[in-house]
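Inspection log for the structure reproduced underneath, given as structure tokens.
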Amino acid sequence: MKLGFSPLTAGLSYHQSLDLAASLGLFLEVAYDQHEMDPRLPKARELAEMGRVAGVGFTIHLPFVDWNIASLVPEMQRLSLERTQRAIAFGAEIGAACGVLHSGLVPLRLPEAVAHARQLVHRALEQLELAIPVALENLGLSDTDLLETPAELVELLEAHPQYGFCLDVGHALIQRGPGGPQEYHCLLGHRLLHLHLHDNHGQQDEHLPCGDGAVDWSWVRGVLEGFEGTVALEVTGGPEGVRRSVALLRGNP
């Protein structure tokens with residue numbers, strides 16, 4: 001497996017993150033939203049060069065802030081799709097191994113609204129041009145999430161074989177209980193492209209360092225054996241949170 005971490009959740013600058021990643025043999029998962037929000041951050045070409053000099057690769061988390069490709073408001077849906085396409089192009093320019101995509105929201109839970117939102121997300125996934133591999137992430141953290149069950153994500157991915165699956169173990173624990181990560185992996189392990197790893201106590205998305213919550217890390221390590229895709233830590237706690245999580249996953253905590 002190729003292991004990395006998110007500077008966003010770790011609370012680190014790119015310079016700090018590149019130094020840490022280089023020292024631990026990790027990649028960085030770029031949060032594209034940050035680049036839209038903060039013009040001081042490096043452009044794609046500059047970031048790619050920074051990674052080349054440090055010997056550090058990338059994955060990219062596609063937009064999720066003020067974003068909804070299943071929006072019932074046409075202008076919001078159109079803008080979300082455009083932002084996602086720009087983010088994919090950014091990912092291609094930095095040489096990202098893959099991108100991670102959410103599946104959208106539908107706050108208005110009327111049957112007609114949910115059905116229309118489902119049509120919109122199918123249409124959006126068909127319209128996106130994938131210059132890099134893209135993995136759909138399991139959510140299920142809120143009653144506004146479009147997809148409410150693992151079976152719905154299976155159905156969506158079956159309809160769009162050009163996409164892979166991103167297993168977020170923390171999300172799965174909150175949504176489905178202690179066996180949630182195993183349930184998602186059983187259903188979609190054959191489509192697994194990327195993982196998000198962080199810990200929590202099963203109630204909310206805490207993004208704790210690995211080992212500080214209720215995730216079954218012995219099971220996770222078993223999944224990672226022989227896995228050839230990418231694995232991104234989304235942990236808080238700064239450099240120490242990243243180091244402790246890496247040590248646990250590599251079997252030397």
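Just so we're on the same page: first chain in the structure tokens is A, next is B, and so on; residues restart at 1 for each chain, and ligands are numbered from 1 in the order they show up.
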*Just the residues within 8 Å of region 51-68 of chain A, please, counting only C-alpha atoms, with nothing from its chain fewer than 3 positions along; format it as a PyMOL selection string.*
chain A and resi 18-19+21-22+25-33+47-48+71+76-77+80+83-84+87-88+91+94-105
With only C-alpha atoms as the counted atoms, please give the residues lying no more than 12 Å from Glu158 (chain A), apart from itself and same-chain residues fewer than 4 positions off, as a compact mmCIF listing (two decimals) with N, CA, C and O atoms, in the first residue's frame.
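Okay, this is what ended up in selection-v5.txt:
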# COMPACT_ATOMS: atom_id res chain seq x y z
N HIS A 122 -26.56 10.66 -10.69
CA HIS A 122 -26.21 9.76 -11.79
C HIS A 122 -25.75 10.57 -13.01
O HIS A 122 -24.74 10.24 -13.64
N LEU A 136 -15.54 6.99 -5.00
CA LEU A 136 -16.68 7.50 -4.23
C LEU A 136 -16.56 7.06 -2.78
O LEU A 136 -16.35 5.88 -2.50
N ALA A 151 -26.01 -0.40 0.64
CA ALA A 151 -26.61 -0.94 -0.59
C ALA A 151 -26.81 0.14 -1.64
O ALA A 151 -26.68 -0.12 -2.84
N GLU A 152 -27.12 1.36 -1.20
CA GLU A 152 -27.31 2.45 -2.16
C GLU A 152 -26.00 2.85 -2.82
O GLU A 152 -25.98 3.20 -4.00
N LEU A 153 -24.91 2.80 -2.07
CA LEU A 153 -23.61 3.09 -2.67
C LEU A 153 -23.22 1.97 -3.63
O LEU A 153 -22.64 2.24 -4.70
N VAL A 154 -23.53 0.73 -3.29
CA VAL A 154 -23.28 -0.39 -4.20
C VAL A 154 -24.02 -0.16 -5.52
O VAL A 154 -23.45 -0.30 -6.61
N GLN A 162 -16.74 3.23 -13.98
CA GLN A 162 -15.51 4.01 -14.15
C GLN A 162 -14.99 4.57 -12.83
O GLN A 162 -13.88 5.09 -12.77
N TYR A 163 -15.79 4.47 -11.76
CA TYR A 163 -15.39 4.96 -10.45
C TYR A 163 -15.00 3.80 -9.53
O TYR A 163 -15.52 2.70 -9.65
N GLY A 164 -14.08 4.09 -8.61
CA GLY A 164 -13.73 3.13 -7.58
C GLY A 164 -14.43 3.48 -6.28
O GLY A 164 -15.30 4.35 -6.22
N PHE A 165 -14.00 2.81 -5.20
CA PHE A 165 -14.60 2.98 -3.88
C PHE A 165 -13.54 3.47 -2.91
O PHE A 165 -12.42 2.95 -2.89
N LEU A 187 -19.06 -5.70 0.83
CA LEU A 187 -19.88 -5.36 -0.33
C LEU A 187 -19.07 -4.75 -1.47
O LEU A 187 -19.39 -4.97 -2.65
N LEU A 188 -18.03 -3.99 -1.14
CA LEU A 188 -17.36 -3.18 -2.16
C LEU A 188 -15.85 -3.34 -2.17
O LEU A 188 -15.14 -2.57 -2.83
N HIS A 190 -14.08 -5.34 -3.75
CA HIS A 190 -13.60 -5.57 -5.11
C HIS A 190 -13.46 -4.28 -5.91
O HIS A 190 -12.82 -4.26 -6.96
N ARG A 191 -14.04 -3.18 -5.40
CA ARG A 191 -13.93 -1.87 -6.07
C ARG A 191 -13.02 -0.92 -5.29
O ARG A 191 -12.90 0.25 -5.64
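Shortest separation to Val231 (chain A) among A:His35, A:Arg123, A:His116, A:Lys2 occurs at residue A:Lys2, atoms counted being only C-alpha atoms.
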*Selected residue of minimal separation from Glu82 (chain A) among A:Glu129, A:Glu240, A:Glu148, A:Asp143, counting only C-alpha atoms*: A:Glu129
*Suppose you want the space between CA of Glu36 (chain A) and CA of Val134 (chain A); what is it in Å?*
19.6 Å
_Members of region 3-219 of chain A assigned helix (DSSP H, G or I) by DSSP, as a ChimeraX atom specification_ = /A:7-10,14-24,32-37,44-54,74-93,111-127,150-159,169-176,180-191,217-219
Take the residues that were just selected and, keeping C-alpha atoms, output them as an mmCIF file, in the first residue's frame.
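Saved result, out_38.cif, follows:
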data_model
loop_
_atom_site.group_PDB
_atom_site.id
_atom_site.type_symbol
_atom_site.label_atom_id
_atom_site.label_comp_id
_atom_site.auth_asym_id
_atom_site.auth_seq_id
_atom_site.Cartn_x
_atom_site.Cartn_y
_atom_site.Cartn_z
ATOM 1 C CA PRO A 7 -2.429 18.330 5.937
ATOM 2 C CA LEU A 8 -5.920 19.790 6.472
ATOM 3 C CA THR A 9 -6.905 17.482 9.316
ATOM 4 C CA ALA A 10 -3.363 17.403 10.736
ATOM 5 C CA TYR A 14 2.501 22.395 3.089
ATOM 6 C CA HIS A 15 6.116 22.996 4.091
ATOM 7 C CA GLN A 16 5.592 21.225 7.420
ATOM 8 C CA SER A 17 3.639 18.454 5.744
ATOM 9 C CA LEU A 18 6.169 17.862 2.973
ATOM 10 C CA ASP A 19 8.981 17.615 5.498
ATOM 11 C CA LEU A 20 7.010 15.164 7.639
ATOM 12 C CA ALA A 21 5.881 13.128 4.654
ATOM 13 C CA ALA A 22 9.398 12.882 3.276
ATOM 14 C CA SER A 23 10.760 11.741 6.639
ATOM 15 C CA LEU A 24 8.118 9.003 7.010
ATOM 16 C CA TYR A 32 -8.924 21.169 -3.094
ATOM 17 C CA ASP A 33 -11.372 23.358 -1.146
ATOM 18 C CA GLN A 34 -8.418 25.004 0.594
ATOM 19 C CA HIS A 35 -6.979 26.077 -2.751
ATOM 20 C CA GLU A 36 -10.281 27.669 -3.746
ATOM 21 C CA MET A 37 -10.516 29.499 -0.408
ATOM 22 C CA ALA A 44 -0.948 23.220 -9.140
ATOM 23 C CA ARG A 45 2.327 23.542 -11.049
ATOM 24 C CA GLU A 46 4.150 24.949 -8.011
ATOM 25 C CA LEU A 47 2.752 22.256 -5.721
ATOM 26 C CA ALA A 48 3.766 19.560 -8.167
ATOM 27 C CA GLU A 49 7.326 20.926 -8.158
ATOM 28 C CA MET A 50 7.366 21.088 -4.356
ATOM 29 C CA GLY A 51 6.355 17.446 -4.262
ATOM 30 C CA ARG A 52 8.976 16.489 -6.831
ATOM 31 C CA VAL A 53 11.763 18.177 -4.876
ATOM 32 C CA ALA A 54 10.637 16.534 -1.611
ATOM 33 C CA PRO A 74 -29.868 24.011 -10.834
ATOM 34 C CA GLU A 75 -27.265 26.744 -10.362
ATOM 35 C CA MET A 76 -25.807 25.057 -7.274
ATOM 36 C CA GLN A 77 -25.706 21.704 -9.036
ATOM 37 C CA ARG A 78 -24.034 23.216 -12.101
ATOM 38 C CA LEU A 79 -21.446 25.098 -10.035
ATOM 39 C CA SER A 80 -20.682 22.004 -7.949
ATOM 40 C CA LEU A 81 -20.074 20.009 -11.106
ATOM 41 C CA GLU A 82 -17.815 22.720 -12.532
ATOM 42 C CA ARG A 83 -15.815 22.923 -9.299
ATOM 43 C CA THR A 84 -15.390 19.163 -9.274
ATOM 44 C CA GLN A 85 -14.133 19.174 -12.858
ATOM 45 C CA ARG A 86 -11.616 21.935 -12.036
ATOM 46 C CA ALA A 87 -10.448 19.940 -9.031
ATOM 47 C CA ILE A 88 -9.928 16.834 -11.161
ATOM 48 C CA ALA A 89 -7.814 18.909 -13.550
ATOM 49 C CA PHE A 90 -5.831 20.256 -10.576
ATOM 50 C CA GLY A 91 -5.293 16.678 -9.399
ATOM 51 C CA ALA A 92 -4.048 15.623 -12.817
ATOM 52 C CA GLU A 93 -1.592 18.536 -12.899
ATOM 53 C CA PRO A 111 -39.851 11.242 -1.901
ATOM 54 C CA GLU A 112 -39.970 13.332 -5.086
ATOM 55 C CA ALA A 113 -36.929 15.358 -3.994
ATOM 56 C CA VAL A 114 -34.877 12.279 -3.132
ATOM 57 C CA ALA A 115 -35.766 10.603 -6.424
ATOM 58 C CA HIS A 116 -34.790 13.703 -8.396
ATOM 59 C CA ALA A 117 -31.522 14.085 -6.468
ATOM 60 C CA ARG A 118 -30.670 10.475 -7.349
ATOM 61 C CA GLN A 119 -31.186 11.243 -11.017
ATOM 62 C CA LEU A 120 -28.980 14.308 -10.720
ATOM 63 C CA VAL A 121 -26.070 12.463 -9.097
ATOM 64 C CA HIS A 122 -26.209 9.761 -11.793
ATOM 65 C CA ARG A 123 -26.145 12.455 -14.468
ATOM 66 C CA ALA A 124 -23.257 14.262 -12.756
ATOM 67 C CA LEU A 125 -21.125 11.121 -12.521
ATOM 68 C CA GLU A 126 -21.654 10.512 -16.234
ATOM 69 C CA GLN A 127 -20.733 14.090 -17.139
ATOM 70 C CA PRO A 150 -24.262 0.705 1.924
ATOM 71 C CA ALA A 151 -26.606 -0.944 -0.585
ATOM 72 C CA GLU A 152 -27.315 2.452 -2.156
ATOM 73 C CA LEU A 153 -23.606 3.088 -2.666
ATOM 74 C CA VAL A 154 -23.278 -0.387 -4.205
ATOM 75 C CA GLU A 155 -26.103 0.443 -6.615
ATOM 76 C CA LEU A 156 -24.503 3.773 -7.553
ATOM 77 C CA LEU A 157 -21.095 2.235 -8.187
ATOM 78 C CA GLU A 158 -22.587 -0.621 -10.197
ATOM 79 C CA ALA A 159 -24.163 1.969 -12.489
ATOM 80 C CA VAL A 169 -13.566 3.453 8.273
ATOM 81 C CA GLY A 170 -14.537 6.237 10.686
ATOM 82 C CA HIS A 171 -17.665 7.101 8.708
ATOM 83 C CA ALA A 172 -18.626 3.437 8.472
ATOM 84 C CA LEU A 173 -18.265 2.994 12.242
ATOM 85 C CA ILE A 174 -20.591 5.935 12.938
ATOM 86 C CA GLN A 175 -23.164 4.974 10.335
ATOM 87 C CA ARG A 176 -23.334 1.187 10.839
ATOM 88 C CA GLY A 180 -19.656 -1.040 9.635
ATOM 89 C CA PRO A 181 -16.206 -1.036 8.027
ATOM 90 C CA GLN A 182 -16.397 -4.810 7.504
ATOM 91 C CA GLU A 183 -19.879 -4.491 5.972
ATOM 92 C CA TYR A 184 -18.732 -1.906 3.439
ATOM 93 C CA HIS A 185 -15.591 -3.884 2.646
ATOM 94 C CA CYS A 186 -17.574 -7.098 2.133
ATOM 95 C CA LEU A 187 -19.875 -5.360 -0.335
ATOM 96 C CA LEU A 188 -17.358 -3.181 -2.156
ATOM 97 C CA GLY A 189 -13.891 -4.556 -1.451
ATOM 98 C CA HIS A 190 -13.597 -5.571 -5.108
ATOM 99 C CA ARG A 191 -13.934 -1.869 -6.066
ATOM 100 C CA TRP A 217 -7.363 -1.614 13.808
ATOM 101 C CA SER A 218 -6.314 -5.258 13.758
ATOM 102 C CA TRP A 219 -8.973 -5.803 11.090
#
*Looking only at strand (DSSP E) from DSSP on the backbone, list the matching residues of region 39-162 of chain A as number ranges by chain.*
A: 58-61, 99-101, 134-137
*Gap from CA of Gly229 (chain A) to CA of Cys166 (chain A) - Å, one decimal*: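 These atoms are spaced 10.2 Å apart.
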*Pick out the residues sitting within 12 Å of region 249-252 of chain A, and hand them over as a ChimeraX atom specification; count only C-alpha atoms, and ignore anything fewer than 6 positions along from it in its own chain.*
/A:1-4,24-25,197-198,209-211,216-225,231-233,242-243
*Between CA of Thr230 (chain A) and CA of Phe5 (chain A), measure the distance and give it in Å to one decimal.*
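Rounded to one decimal, the two atoms are 10.3 Å apart.
Checking A:Ala214, A:Asp199, A:Leu110, A:Pro178 one by one against Gly237 (chain A), counting only C-alpha atoms, you find the shortest gap at A:Asp199.
Proximity of A:Arg40, A:His196, A:Arg109, A:His201 to Val235 (chain A), computed with only C-alpha atoms, is greatest for A:His196.
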